[in-house]
file coords-v1.csv (CSV, C-alpha atoms)
chain,number,residue,atom,x,y,z
H,243,MET,CA,39.4,18.6,-141.3
H,244,THR,CA,38.2,22.2,-141.2
H,245,SER,CA,35.0,22.9,-143.1
H,246,SER,CA,34.7,26.0,-145.3
H,247,PRO,CA,32.4,28.8,-143.9
H,248,PRO,CA,29.0,29.2,-145.5
H,249,GLU,CA,29.1,31.5,-148.5
H,250,PHE,CA,26.2,33.4,-150.1
H,251,ARG,CA,26.1,35.3,-153.3
H,252,ILE,CA,24.1,38.6,-153.3
H,253,ALA,CA,23.1,40.7,-156.2
H,254,VAL,CA,23.3,44.3,-155.1
H,255,ILE,CA,21.2,46.9,-157.0
H,256,PRO,CA,21.5,50.3,-155.4
H,257,GLY,CA,19.2,51.8,-158.0
H,258,ASP,CA,18.2,55.4,-157.9
H,259,GLY,CA,18.3,58.4,-155.5
H,260,ILE,CA,18.9,57.6,-151.9
H,261,GLY,CA,19.1,53.9,-152.8
H,262,THR,CA,22.7,54.6,-153.7
H,263,GLU,CA,23.2,56.2,-150.3
H,264,VAL,CA,21.6,53.6,-148.0
H,265,ILE,CA,23.0,50.4,-149.7
H,266,PRO,CA,26.7,51.0,-148.8
H,267,PRO,CA,25.8,51.3,-145.0
H,268,ALA,CA,23.8,48.0,-145.4
H,269,LEU,CA,26.8,46.3,-147.0
H,270,GLN,CA,29.1,47.6,-144.3
H,271,THR,CA,26.7,46.3,-141.6
H,272,LEU,CA,26.4,42.9,-143.4
H,273,ASP,CA,30.2,42.5,-143.6
H,274,LEU,CA,30.5,43.3,-139.9
H,275,VAL,CA,28.0,40.6,-138.7
H,276,ALA,CA,29.2,38.1,-141.3
H,277,ALA,CA,32.7,38.3,-139.8
H,278,ARG,CA,31.3,37.9,-136.3
H,279,HIS,CA,29.2,34.8,-137.3
H,280,GLY,CA,31.7,33.1,-139.6
H,281,PHE,CA,30.0,33.2,-143.0
H,282,VAL,CA,31.0,34.9,-146.2
H,283,LEU,CA,28.9,37.3,-148.4
H,284,ARG,CA,30.0,37.7,-152.1
H,285,TYR,CA,28.5,40.8,-153.8
H,286,ASP,CA,27.8,41.4,-157.5
H,287,HIS,CA,27.2,45.1,-157.9
H,288,LEU,CA,24.8,46.0,-160.7
H,289,ASP,CA,24.1,49.5,-162.1
H,290,TRP,CA,20.5,48.8,-163.1
H,291,SER,CA,18.7,52.1,-162.6
H,292,CYS,CA,17.0,55.1,-164.2
H,293,THR,CA,20.4,56.5,-164.9
H,294,ARG,CA,21.1,53.4,-167.0
H,295,TYR,CA,17.7,53.8,-168.7
H,296,LEU,CA,18.5,57.3,-169.7
H,297,VAL,CA,21.7,56.2,-171.3
H,298,THR,CA,20.8,52.8,-172.8
H,299,GLY,CA,17.0,52.9,-173.0
H,300,ALA,CA,16.6,49.9,-170.6
H,301,MET,CA,16.6,49.6,-166.8
H,302,MET,CA,18.6,46.4,-167.0
H,303,PRO,CA,20.2,44.3,-169.7
H,304,ASP,CA,18.1,41.9,-171.8
H,305,ASP,CA,19.7,38.9,-169.9
H,306,GLY,CA,19.6,40.6,-166.5
H,307,LEU,CA,17.2,38.2,-164.9
H,308,ASP,CA,19.2,35.2,-166.1
H,309,ARG,CA,22.4,36.8,-164.6
H,310,ILE,CA,20.9,36.8,-161.1
H,311,ALA,CA,18.7,33.8,-161.2
H,312,GLY,CA,21.4,31.7,-159.4
H,313,HIS,CA,22.1,34.2,-156.6
H,314,ASP,CA,21.1,33.5,-153.0
H,315,ALA,CA,19.3,36.9,-152.6
H,316,VAL,CA,18.9,40.3,-154.1
H,317,LEU,CA,19.5,43.5,-152.1
H,318,LEU,CA,17.8,46.5,-153.7
H,319,GLY,CA,18.0,50.2,-152.8
H,320,ALA,CA,15.3,52.1,-154.6
H,321,VAL,CA,13.8,52.5,-158.1
H,322,GLY,CA,12.5,55.7,-159.7
H,323,TRP,CA,13.7,59.1,-160.7
H,324,PRO,CA,12.2,62.3,-162.2
H,325,GLY,CA,12.2,62.2,-166.0
H,326,VAL,CA,11.6,58.5,-166.1
H,327,PRO,CA,7.9,57.6,-165.8
H,328,ASP,CA,7.2,55.4,-162.9
H,329,HIS,CA,5.6,52.7,-165.0
H,330,VAL,CA,8.8,52.5,-167.0
H,331,SER,CA,11.1,52.2,-164.1
H,332,LEU,CA,9.0,49.8,-162.1
H,333,TRP,CA,8.0,47.5,-165.0
H,334,GLY,CA,11.5,47.7,-166.3
H,335,LEU,CA,13.2,46.4,-163.1
H,336,LEU,CA,11.3,45.8,-159.9
H,337,ILE,CA,8.2,44.0,-161.1
H,338,PRO,CA,10.0,41.7,-163.6
H,339,ILE,CA,12.3,40.5,-160.7
H,340,ARG,CA,9.3,39.8,-158.5
H,341,ARG,CA,7.4,37.9,-161.2
H,342,ARG,CA,10.1,36.0,-162.9
H,343,PHE,CA,11.4,34.8,-159.5
H,344,ARG,CA,7.9,33.9,-158.2
H,345,GLN,CA,8.3,36.3,-155.2
H,346,TYR,CA,4.6,36.1,-154.4
H,347,VAL,CA,4.9,37.1,-150.8
H,348,ASN,CA,5.7,40.7,-150.0
H,349,LEU,CA,6.5,40.7,-146.3
H,350,ARG,CA,6.4,44.0,-144.4
H,351,PRO,CA,7.0,43.9,-140.7
H,352,ILE,CA,5.9,47.0,-138.8
H,353,ARG,CA,7.1,47.8,-135.2
H,354,VAL,CA,7.5,50.9,-133.1
H,355,LEU,CA,11.2,50.6,-132.2
H,356,PRO,CA,12.6,51.5,-128.8
H,357,GLY,CA,13.1,55.2,-128.4
H,358,LEU,CA,11.0,55.9,-131.4
H,359,PRO,CA,7.4,56.4,-130.1
H,360,GLY,CA,5.8,57.3,-133.4
H,361,PRO,CA,3.4,60.1,-134.3
H,362,LEU,CA,0.3,58.7,-132.6
H,363,ARG,CA,-0.5,59.7,-129.0
H,364,ASP,CA,-1.8,56.3,-128.0
H,365,ALA,CA,-0.4,53.8,-130.5
H,366,GLY,CA,0.4,51.2,-127.9
H,367,ALA,CA,2.8,48.3,-128.6
H,368,VAL,CA,2.7,48.2,-132.4
H,369,ASP,CA,4.0,44.9,-133.8
H,370,LEU,CA,2.3,43.6,-136.9
H,371,VAL,CA,3.1,42.2,-140.3
H,372,VAL,CA,1.5,43.0,-143.6
H,373,VAL,CA,1.5,40.0,-145.9
H,374,ARG,CA,0.8,41.3,-149.4
H,375,GLU,CA,0.1,39.3,-152.5
H,376,ASN,CA,3.0,40.3,-154.8
H,377,VAL,CA,2.6,39.0,-158.3
H,378,GLU,CA,-1.0,39.3,-159.4
H,379,GLY,CA,-4.2,41.1,-158.2
H,380,GLU,CA,-4.7,44.7,-159.3
H,381,TYR,CA,-1.2,45.1,-160.7
H,382,SER,CA,-1.7,43.0,-163.8
H,383,GLU,CA,-0.5,43.6,-167.3
H,384,ILE,CA,-3.9,43.0,-168.8
H,385,GLY,CA,-5.6,46.0,-170.3
H,386,GLY,CA,-4.9,48.8,-172.6
H,387,ARG,CA,-5.6,52.3,-174.0
H,388,LEU,CA,-8.1,53.1,-176.8
H,389,ASN,CA,-8.6,56.2,-178.8
H,390,ARG,CA,-5.5,58.0,-177.5
H,391,GLY,CA,-5.7,61.7,-177.7
H,392,LEU,CA,-9.4,61.7,-178.7
H,393,PRO,CA,-12.3,63.0,-176.7
H,394,ASP,CA,-13.5,59.5,-176.1
H,395,GLU,CA,-10.1,58.2,-175.0
H,396,MET,CA,-10.3,55.3,-172.5
H,397,ALA,CA,-8.2,53.0,-170.4
H,398,VAL,CA,-9.0,49.5,-169.2
H,399,GLN,CA,-7.1,47.8,-166.4
H,400,GLU,CA,-7.9,44.2,-165.5
H,401,SER,CA,-7.4,42.7,-162.0
H,402,VAL,CA,-6.3,39.0,-161.9
H,403,PHE,CA,-7.1,36.9,-158.9
H,404,THR,CA,-6.4,33.1,-159.3
H,405,ARG,CA,-7.3,30.4,-156.9
H,406,PRO,CA,-3.7,29.2,-156.5
H,407,GLY,CA,-2.4,32.8,-156.1
H,408,VAL,CA,-4.9,33.7,-153.4
H,409,THR,CA,-4.6,30.3,-151.6
H,410,ARG,CA,-0.9,30.4,-151.3
H,411,ILE,CA,-0.7,34.0,-149.9
H,412,VAL,CA,-3.5,33.3,-147.4
H,413,ASP,CA,-1.9,30.1,-146.3
H,414,HIS,CA,1.4,32.0,-145.8
H,415,ALA,CA,-0.4,34.6,-143.6
H,416,PHE,CA,-2.0,31.9,-141.5
H,417,GLU,CA,1.2,30.0,-141.1
H,418,LEU,CA,3.0,33.2,-140.1
H,419,ALA,CA,0.3,34.1,-137.6
H,420,ALA,CA,0.6,30.7,-136.0
H,421,THR,CA,4.2,31.6,-135.1
H,422,ARG,CA,3.2,35.0,-133.7
H,423,ARG,CA,0.0,36.0,-131.7
H,424,GLY,CA,-2.3,33.8,-133.8
H,425,ASP,CA,-4.5,36.5,-135.4
H,426,VAL,CA,-5.2,37.2,-139.0
H,427,THR,CA,-7.1,40.1,-140.5
H,428,SER,CA,-8.1,39.9,-144.2
H,429,ALA,CA,-8.4,43.2,-146.1
H,430,THR,CA,-11.3,43.1,-148.5
H,431,LYS,CA,-13.8,45.4,-150.3
H,432,SER,CA,-16.5,42.9,-151.2
H,433,ASN,CA,-19.2,45.4,-150.6
H,434,GLY,CA,-18.0,47.4,-153.6
H,435,ILE,CA,-15.9,45.2,-155.8
H,436,VAL,CA,-18.3,42.6,-157.0
H,437,HIS,CA,-16.2,39.7,-158.4
H,438,THR,CA,-12.6,39.6,-157.2
H,439,MET,CA,-13.2,40.5,-153.6
H,440,PRO,CA,-16.0,38.0,-152.9
H,441,PHE,CA,-13.7,35.4,-154.5
H,442,TRP,CA,-10.9,36.5,-152.2
H,443,ASP,CA,-13.3,36.2,-149.2
H,444,GLU,CA,-14.4,32.8,-150.1
H,445,ILE,CA,-10.9,31.4,-150.3
H,446,VAL,CA,-9.9,33.1,-147.0
H,447,ARG,CA,-12.8,31.4,-145.3
H,448,GLU,CA,-11.9,28.0,-146.8
H,449,ARG,CA,-8.3,28.2,-145.8
H,450,ALA,CA,-9.0,29.6,-142.4
H,451,ALA,CA,-10.8,26.3,-141.5
H,452,ARG,CA,-7.4,24.6,-141.8
H,453,TYR,CA,-5.9,26.7,-139.1
H,454,PRO,CA,-8.2,26.2,-136.0
H,455,GLY,CA,-5.6,27.7,-133.7
H,456,VAL,CA,-5.6,31.0,-135.5
H,457,THR,CA,-8.4,33.5,-135.1
H,458,TRP,CA,-9.4,35.6,-138.1
H,459,ARG,CA,-11.7,38.3,-139.3
H,460,GLN,CA,-12.2,40.3,-142.5
H,461,GLU,CA,-12.4,44.1,-142.6
H,462,HIS,CA,-13.2,46.4,-145.5
H,463,ILE,CA,-10.1,48.3,-146.6
H,464,ASP,CA,-11.5,51.8,-145.9
H,465,ALA,CA,-12.5,50.9,-142.3
H,466,LEU,CA,-9.2,49.0,-141.9
H,467,ALA,CA,-7.1,52.0,-142.9
H,468,ALA,CA,-8.9,54.1,-140.3
H,469,LYS,CA,-8.5,51.4,-137.6
H,470,LEU,CA,-4.8,51.1,-138.3
H,471,VAL,CA,-4.4,54.7,-137.2
H,472,LEU,CA,-6.8,54.5,-134.3
H,473,ARG,CA,-5.8,51.1,-132.9
H,474,PRO,CA,-2.6,49.8,-134.6
H,475,SER,CA,-1.7,47.6,-131.6
H,476,ALA,CA,-4.9,45.5,-132.3
H,477,TYR,CA,-3.4,43.9,-135.4
H,478,ASP,CA,-1.0,40.9,-135.7
H,479,VAL,CA,-1.0,39.7,-139.3
H,480,ILE,CA,-2.8,41.5,-142.1
H,481,VAL,CA,-3.2,39.7,-145.4
H,482,ALA,CA,-4.1,41.7,-148.5
H,483,SER,CA,-4.2,41.9,-152.2
H,484,ASN,CA,-1.4,43.6,-154.2
H,485,LEU,CA,-2.9,47.1,-154.2
H,486,PHE,CA,-4.5,47.0,-150.7
H,487,GLY,CA,-1.3,45.5,-149.2
H,488,ASP,CA,0.8,48.2,-150.9
H,489,ILE,CA,-1.3,51.0,-149.4
H,490,LEU,CA,-1.7,49.5,-145.9
H,491,SER,CA,2.0,48.7,-145.4
H,492,ASP,CA,3.0,52.3,-146.2
H,493,LEU,CA,0.3,53.6,-143.9
H,494,ALA,CA,1.4,51.2,-141.1
H,495,ALA,CA,5.0,52.3,-141.6
H,496,ALA,CA,4.1,55.9,-141.0
H,497,VAL,CA,2.2,54.9,-137.9
H,498,ALA,CA,5.4,53.3,-136.6
H,499,GLY,CA,7.3,56.5,-136.9
H,500,SER,CA,8.7,56.9,-140.4
H,501,ILE,CA,8.6,55.3,-143.8
H,502,GLY,CA,12.4,55.7,-143.7
H,503,ILE,CA,12.7,52.8,-141.2
H,504,ALA,CA,10.4,50.3,-143.0
H,505,PRO,CA,11.8,47.2,-144.6
H,506,ALA,CA,10.3,44.7,-147.1
H,507,GLY,CA,11.0,41.2,-148.3
H,508,ASN,CA,9.9,39.9,-151.7
H,509,ILE,CA,9.9,36.2,-150.9
H,510,ASP,CA,9.9,33.0,-153.0
H,511,PRO,CA,8.9,30.6,-150.2
H,512,SER,CA,10.0,27.6,-152.4
H,513,ARG,CA,13.5,29.0,-152.6
H,514,GLN,CA,13.7,27.9,-156.2
H,515,PHE,CA,14.6,31.5,-157.0
H,516,PRO,CA,16.4,34.3,-155.1
H,517,SER,CA,14.3,36.5,-152.8
H,518,MET,CA,14.7,40.3,-152.9
H,519,PHE,CA,15.0,42.7,-149.9
H,520,GLU,CA,14.5,46.4,-150.1
H,521,PRO,CA,13.7,49.4,-147.9
H,522,VAL,CA,10.2,50.8,-148.5
H,523,HIS,CA,11.1,54.5,-148.7
H,524,GLY,CA,11.7,54.8,-152.4
H,525,SER,CA,14.3,57.0,-154.1
H,526,ALA,CA,13.3,60.3,-152.4
H,527,PRO,CA,14.6,62.7,-155.1
H,528,ASP,CA,13.9,65.7,-152.7
H,529,ILE,CA,16.7,64.7,-150.3
H,530,ALA,CA,19.0,62.6,-152.6
H,531,GLY,CA,22.6,63.7,-152.6
H,532,GLN,CA,22.3,65.5,-149.2
H,533,GLY,CA,23.7,62.7,-147.1
H,534,ILE,CA,20.7,62.7,-144.7
H,535,ALA,CA,18.8,59.6,-145.9
H,536,ASN,CA,17.7,57.3,-143.1
H,537,PRO,CA,19.7,54.0,-143.5
H,538,VAL,CA,17.5,52.0,-141.0
H,539,GLY,CA,15.1,50.7,-143.7
H,540,ALA,CA,18.0,49.3,-145.6
H,541,LEU,CA,19.6,47.9,-142.5
H,542,TRP,CA,16.4,46.2,-141.4
H,543,SER,CA,15.9,44.8,-144.9
H,544,ALA,CA,19.5,43.4,-144.7
H,545,SER,CA,18.5,41.8,-141.4
H,546,MET,CA,15.5,40.2,-143.0
H,547,MET,CA,17.8,38.9,-145.8
H,548,LEU,CA,20.1,37.3,-143.2
H,549,ASP,CA,17.2,35.6,-141.5
H,550,HIS,CA,16.1,34.2,-144.9
H,551,LEU,CA,19.6,33.0,-145.6
H,552,GLY,CA,19.5,30.9,-142.4
H,553,GLN,CA,21.7,33.3,-140.3
H,554,PRO,CA,19.2,34.3,-137.5
H,555,GLY,CA,22.0,35.2,-135.0
H,556,ALA,CA,23.5,37.7,-137.5
H,557,ALA,CA,20.0,39.1,-138.2
H,558,ARG,CA,19.4,39.6,-134.5
H,559,ASP,CA,22.7,41.4,-134.2
H,560,VAL,CA,21.7,43.9,-136.9
H,561,MET,CA,18.3,44.5,-135.3
H,562,ALA,CA,19.8,44.9,-131.8
H,563,GLY,CA,22.2,47.4,-133.2
H,564,ILE,CA,19.4,49.4,-134.7
H,565,GLU,CA,17.3,49.3,-131.5
H,566,THR,CA,20.3,50.3,-129.3
H,567,ALA,CA,21.2,53.2,-131.5
H,568,LEU,CA,17.7,54.5,-131.5
H,569,ALA,CA,17.0,53.8,-127.8
H,570,ASP,CA,20.0,55.8,-126.8
H,571,GLY,CA,18.2,58.8,-128.2
H,572,GLY,CA,21.1,60.8,-129.4
H,573,VAL,CA,21.1,59.9,-133.1
H,574,ARG,CA,18.2,60.8,-135.4
H,575,THR,CA,18.1,61.5,-139.1
H,576,PRO,CA,15.8,64.4,-140.1
H,577,ASP,CA,12.8,62.1,-140.9
H,578,LEU,CA,12.9,61.1,-137.2
H,579,GLY,CA,13.1,64.7,-136.0
H,580,GLY,CA,16.9,64.9,-135.7
H,581,THR,CA,19.9,66.3,-137.6
H,582,ALA,CA,22.1,63.2,-138.0
H,583,THR,CA,23.6,62.3,-141.4
H,584,THR,CA,23.3,58.9,-143.0
H,585,ARG,CA,26.9,58.3,-141.9
H,586,GLU,CA,26.3,59.3,-138.3
H,587,MET,CA,23.3,57.0,-138.0
H,588,THR,CA,25.2,54.1,-139.6
H,589,ASP,CA,28.2,54.6,-137.3
H,590,ALA,CA,25.9,54.5,-134.3
H,591,VAL,CA,24.4,51.2,-135.4
H,592,LEU,CA,27.9,49.7,-136.2
H,593,ALA,CA,29.2,50.8,-132.8
H,594,ALA,CA,26.2,49.3,-131.0
H,595,ILE,CA,26.7,46.0,-132.9
H,596,THR,CA,30.5,46.0,-132.1
H,597,ALA,CA,29.9,46.7,-128.4
H,598,ALA,CA,27.3,44.0,-127.9
H,599,PRO,CA,27.8,40.2,-127.4
H,600,THR,CA,27.4,38.2,-130.6
H,601,GLY,CA,23.9,37.0,-131.0
H,602,ALA,CA,23.2,33.3,-130.4
call {"tool": "encode", "arguments": {"input": "coords-v1.csv", "output": "C-alpha cells"}}
result
Amino acid sequence: MTSSPPEFRIAVIPGDGIGTEVIPPALQTLDLVAARHGFVLRYDHLDWSCTRYLVTGAMMPDDGLDRIAGHDAVLLGAVGWPGVPDHVSLWGLLIPIRRRFRQYVNLRPIRVLPGLPGPLRDAGAVDLVVVRENVEGEYSEIGGRLNRGLPDEMAVQESVFTRPGVTRIVDHAFELAATRRGDVTSATKSNGIVHTMPFWDEIVRERAARYPGVTWRQEHIDALAAKLVLRPSAYDVIVASNLFGDILSDLAAAVAGSIGIAPAGNIDPSRQFPSMFEPVHGSAPDIAGQGIANPVGALWSASMMLDHLGQPGAARDVMAGIETALADGGVRTPDLGGTATTREMTDAVLAAITAAPTGA
C-alpha cells in the first residue's frame, strides 16, 4: 500500500512593499524542492497588510490569528508602508502573531556566503547565530502617555523580564551552541540598566552551569556592537534581549554583506503553534515596484521553514542553490553591487537547484 506524501499547510502573508515581490520567488523555490523531495505544500494566501489597513482600518481580520492557528508555518514578506505609523503596522500584525503563538525565539543566522565577501576587509569566516528573546523584554505593552500636547508631556515605557522568559531563551541559546562550536556570548548592559540587566546576567550564569561543555561570556552591548564589526568571526551564538537582539542581528547582517540576504525565524519550540519565517529587510519603499529587490532573504527564510518542518534535505537544496548562484559571481542584485533583477536572481537559484543532485 502506497502511503500519502507528507503535506504541510502554510499561511502566506506577502505584506507590504518588496514583501510582495520576494514571496513569489520563495514559493516557486519551495514548490521546486517539494516536488524533488516528495512532499506537498498547501498555501493559504492572505492580504494582511498596510494596504488592507488603509481600506478597512485593520491590518488583519479580528479572527485572523484563529484562522492560522492550525497551520504548520507562516511565511511573511514584510510589514510597513509610508502613511501607516510603524507602531500601527507592527502591533497590528507582526507582534500579535509572535505573542499569540508563543514564538519566543527569534533566530537569525548570519553567514558570509560564498562569492559574497562582505564589506569588511578582514571579516574572516563569519558564521554566527543571534538568538533574540522575542515576546517580552523592552518591547512590552506596559506604559503610556501623559499630558499629551502640553509642555510637560511625558511617555513611560516599561521593560518586562520574567524568569521563565529569560530562562527559556538562554537555554535555547546554550542548546544551540552545543550543536555548533560550543560558545555563547550574552549581550548585557548591567553597568547602566540597574534592574533588568543584572537579573538577566544572574539567570545566564545560573543556566550556564547546566551546560559545562559550552563556554560563555557576557559583553556589554555597546562594546559587543563594536567587536561584531572588528572581529565578527569570533562569535558563535549570541543571546540577547528583544531590543539588543534586534539591533545586533541587523548589524551582523550588514557585516555579512547585505541586510537583503538575512533570514529570520520566529520559533515556538514547543510546536504547539505555527512558527513564522521572514526576511529581515523590511518593506523597502524606496525600491518597491522596481523589480530589483533581493530575493535571497526570503529564499533563506524558506529554507529555515523547511528545516523546521522536518525537511532538511529540501532545506539544504535551497541553500545550495543560493550559494551556487552567488559563488558563480555573475548574478547580483543592486544591494550586492550588481544590476540583476529579482527575477534574474531567482532564476539563477532555481537553475542551480535543478542542476544539482537532490540533497540527502
call {"tool": "residues_around", "arguments": {"input": "coords-v1.csv", "residues": "stretch 562-576 of chain H", "least_positions_apart": "4", "cutoff": "9 Å", "atoms": "all atoms listed in the file", "output": "short mmCIF file (atom, residue, chain, number, x, y, z; two decimals) with C-alpha atoms, in the coordinates of the input"}}
result
data_model
loop_
_atom_site.label_atom_id
_atom_site.label_comp_id
_atom_site.auth_asym_id
_atom_site.auth_seq_id
_atom_site.Cartn_x
_atom_site.Cartn_y
_atom_site.Cartn_z
CA LEU H 355 11.20 50.60 -132.20
CA PRO H 356 12.60 51.50 -128.80
CA GLY H 357 13.10 55.20 -128.40
CA LEU H 358 11.00 55.90 -131.40
CA ILE H 534 20.70 62.70 -144.70
CA ALA H 535 18.80 59.60 -145.90
CA ASN H 536 17.70 57.30 -143.10
CA PRO H 537 19.70 54.00 -143.50
CA VAL H 538 17.50 52.00 -141.00
CA LEU H 541 19.60 47.90 -142.50
CA TRP H 542 16.40 46.20 -141.40
CA ALA H 557 20.00 39.10 -138.20
CA ARG H 558 19.40 39.60 -134.50
CA GLY H 580 16.90 64.90 -135.70
CA THR H 581 19.90 66.30 -137.60
CA ALA H 582 22.10 63.20 -138.00
CA THR H 583 23.60 62.30 -141.40
CA THR H 584 23.30 58.90 -143.00
CA GLU H 586 26.30 59.30 -138.30
CA MET H 587 23.30 57.00 -138.00
CA THR H 588 25.20 54.10 -139.60
CA ALA H 590 25.90 54.50 -134.30
CA VAL H 591 24.40 51.20 -135.40
CA LEU H 592 27.90 49.70 -136.20
CA ALA H 593 29.20 50.80 -132.80
CA ALA H 594 26.20 49.30 -131.00
CA ILE H 595 26.70 46.00 -132.90
CA THR H 596 30.50 46.00 -132.10
CA ALA H 598 27.30 44.00 -127.90
CA GLY H 601 23.90 37.00 -131.00
#
call {"tool": "closest_residue", "arguments": {"input": "coords-v1.csv", "among": "H:Ala367, H:Leu362, H:Ala544, H:Ala482", "to": "H:Gly407", "atoms": "all atoms listed in the file"}}
result
H:Ala482
call {"tool": "closest_residue", "arguments": {"input": "coords-v1.csv", "among": "H:Val372, H:Ile435, H:Val275, H:Ala268", "to": "H:Pro599", "atoms": "only C-alpha atoms"}}
result
H:Val275
call {"tool": "residues_around", "arguments": {"input": "coords-v1.csv", "residues": "H:Glu380", "least_positions_apart": "5", "cutoff": "9 Å", "atoms": "all atoms listed in the file", "output": "number ranges by chain"}}
result
H: 399-403, 483-486
call {"tool": "closest_residue", "arguments": {"input": "coords-v1.csv", "among": "H:Phe343, H:Tyr381, H:Tyr453, H:Tyr477", "to": "H:Gln514", "atoms": "all atoms listed in the file"}}
result
H:Phe343
call {"tool": "atom_distance", "arguments": {"input": "coords-v1.csv", "atom1": "atom CA of H:His287", "atom2": "atom CA of H:Ile252"}}
result
8.5 Å
call {"tool": "closest_residue", "arguments": {"input": "coords-v1.csv", "among": "H:Ala476, H:Val321, H:Glu378, H:Gly524", "to": "H:Thr438", "atoms": "all atoms listed in the file"}}
result
H:Glu378
call {"tool": "atom_distance", "arguments": {"input": "coords-v1.csv", "atom1": "atom CA of H:Gly499", "atom2": "atom CA of H:Ala540"}}
result
15.6 Å
call {"tool": "residues_around", "arguments": {"input": "coords-v1.csv", "residues": "H:Asp464", "least_positions_apart": "5", "cutoff": "10 Å", "atoms": "all atoms listed in the file", "output": "ChimeraX atom specification"}}
result
/H:429-431,469,486
call {"tool": "closest_residue", "arguments": {"input": "coords-v1.csv", "among": "H:Arg513, H:Val471, H:Gln460, H:Arg353", "to": "H:Gly552", "atoms": "only C-alpha atoms"}}
result
H:Arg513
call {"tool": "closest_residue", "arguments": {"input": "coords-v1.csv", "among": "H:Trp333, H:Phe250, H:Tyr346, H:Trp290", "to": "H:Ala320", "atoms": "only C-alpha atoms"}}
result
H:Trp290
call {"tool": "atom_distance", "arguments": {"input": "coords-v1.csv", "atom1": "atom CA of H:Val254", "atom2": "atom CA of H:Ser382"}}
result
26.5 Å
call {"tool": "residues_around", "arguments": {"input": "coords-v1.csv", "residues": "H:Ala277", "least_positions_apart": "2", "cutoff": "12 Å", "atoms": "all atoms listed in the file", "output": "list in words"}}
result
Pro247, Pro248, Glu249, Gln270, Thr271, Leu272, Asp273, Leu274, Val275, His279, Gly280, Phe281, Val282, Leu283, Ala556, Asp559, Ile595, Thr596 and Thr600 of chain H
call {"tool": "residues_around", "arguments": {"input": "coords-v1.csv", "residues": "H:Gly257", "least_positions_apart": "2", "cutoff": "7 Å", "atoms": "all atoms listed in the file", "output": "PyMOL selection string"}}
result
chain H and resi 255+261-262+289-291+318-321
call {"tool": "residues_near_point", "arguments": {"input": "coords-v1.csv", "point": "(0.8, 48.2, -134.5)", "cutoff": "8 Å", "atoms": "all atoms listed in the file", "output": "list in words"}}
result
Ile352, Arg353, Val354, Ala365, Gly366, Ala367, Val368, Asp369, Leu370, Leu470, Arg473, Pro474, Ser475, Ala476, Tyr477, Asp478, Ala494, Val497 and Ala498 of chain H
call {"tool": "residues_near_point", "arguments": {"input": "coords-v1.csv", "point": "(-9.7, 39.8, -137.0)", "cutoff": "8 Å", "atoms": "all atoms listed in the file", "output": "JSON, numbers by chain"}}
result
{"H": [425, 426, 427, 428, 457, 458, 459, 460, 461, 477]}
call {"tool": "write_last_selection", "arguments": {"input": "coords-v1.csv", "atoms": "C-alpha atoms", "output": "PDB file, in the frame of the given file"}}
result
ATOM      1  CA  ASP H 425      -4.500  36.500-135.400  1.00  0.00           C
ATOM      2  CA  VAL H 426      -5.200  37.200-139.000  1.00  0.00           C
ATOM      3  CA  THR H 427      -7.100  40.100-140.500  1.00  0.00           C
ATOM      4  CA  SER H 428      -8.100  39.900-144.200  1.00  0.00           C
ATOM      5  CA  THR H 457      -8.400  33.500-135.100  1.00  0.00           C
ATOM      6  CA  TRP H 458      -9.400  35.600-138.100  1.00  0.00           C
ATOM      7  CA  ARG H 459     -11.700  38.300-139.300  1.00  0.00           C
ATOM      8  CA  GLN H 460     -12.200  40.300-142.500  1.00  0.00           C
ATOM      9  CA  GLU H 461     -12.400  44.100-142.600  1.00  0.00           C
ATOM     10  CA  TYR H 477      -3.400  43.900-135.400  1.00  0.00           C
TER      11      TYR H 477
END
call {"tool": "build_atoms", "arguments": {"input": "coords-v1.csv", "residues": "stretch 272-279 of chain H", "atoms": "N, CA, C and O atoms", "output": "PDB file, in the coordinates of the input"}}
result
ATOM      1  N   LEU H 272      26.390  44.345-143.039  1.00  0.00           N
ATOM      2  CA  LEU H 272      26.400  42.900-143.400  1.00  0.00           C
ATOM      3  C   LEU H 272      27.795  42.325-143.217  1.00  0.00           C
ATOM      4  O   LEU H 272      27.959  41.221-142.672  1.00  0.00           O
ATOM      5  N   ASP H 273      28.810  43.034-143.683  1.00  0.00           N
ATOM      6  CA  ASP H 273      30.200  42.500-143.600  1.00  0.00           C
ATOM      7  C   ASP H 273      30.600  42.380-142.114  1.00  0.00           C
ATOM      8  O   ASP H 273      31.297  41.425-141.751  1.00  0.00           O
ATOM      9  N   LEU H 274      30.172  43.323-141.289  1.00  0.00           N
ATOM     10  CA  LEU H 274      30.500  43.300-139.900  1.00  0.00           C
ATOM     11  C   LEU H 274      29.931  42.015-139.216  1.00  0.00           C
ATOM     12  O   LEU H 274      30.650  41.257-138.538  1.00  0.00           O
ATOM     13  N   VAL H 275      28.645  41.768-139.413  1.00  0.00           N
ATOM     14  CA  VAL H 275      28.000  40.600-138.700  1.00  0.00           C
ATOM     15  C   VAL H 275      28.429  39.307-139.381  1.00  0.00           C
ATOM     16  O   VAL H 275      28.486  38.276-138.706  1.00  0.00           O
ATOM     17  N   ALA H 276      28.733  39.324-140.682  1.00  0.00           N
ATOM     18  CA  ALA H 276      29.200  38.100-141.300  1.00  0.00           C
ATOM     19  C   ALA H 276      30.538  37.661-140.709  1.00  0.00           C
ATOM     20  O   ALA H 276      30.760  36.470-140.430  1.00  0.00           O
ATOM     21  N   ALA H 277      31.439  38.617-140.468  1.00  0.00           N
ATOM     22  CA  ALA H 277      32.700  38.300-139.800  1.00  0.00           C
ATOM     23  C   ALA H 277      32.529  37.771-138.428  1.00  0.00           C
ATOM     24  O   ALA H 277      33.220  36.843-137.982  1.00  0.00           O
ATOM     25  N   ARG H 278      31.561  38.339-137.720  1.00  0.00           N
ATOM     26  CA  ARG H 278      31.300  37.900-136.300  1.00  0.00           C
ATOM     27  C   ARG H 278      30.708  36.507-136.276  1.00  0.00           C
ATOM     28  O   ARG H 278      30.921  35.770-135.309  1.00  0.00           O
ATOM     29  N   HIS H 279      29.962  36.122-137.297  1.00  0.00           N
ATOM     30  CA  HIS H 279      29.200  34.800-137.300  1.00  0.00           C
ATOM     31  C   HIS H 279      29.856  33.784-138.163  1.00  0.00           C
ATOM     32  O   HIS H 279      29.315  32.675-138.265  1.00  0.00           O
TER      33      HIS H 279
END
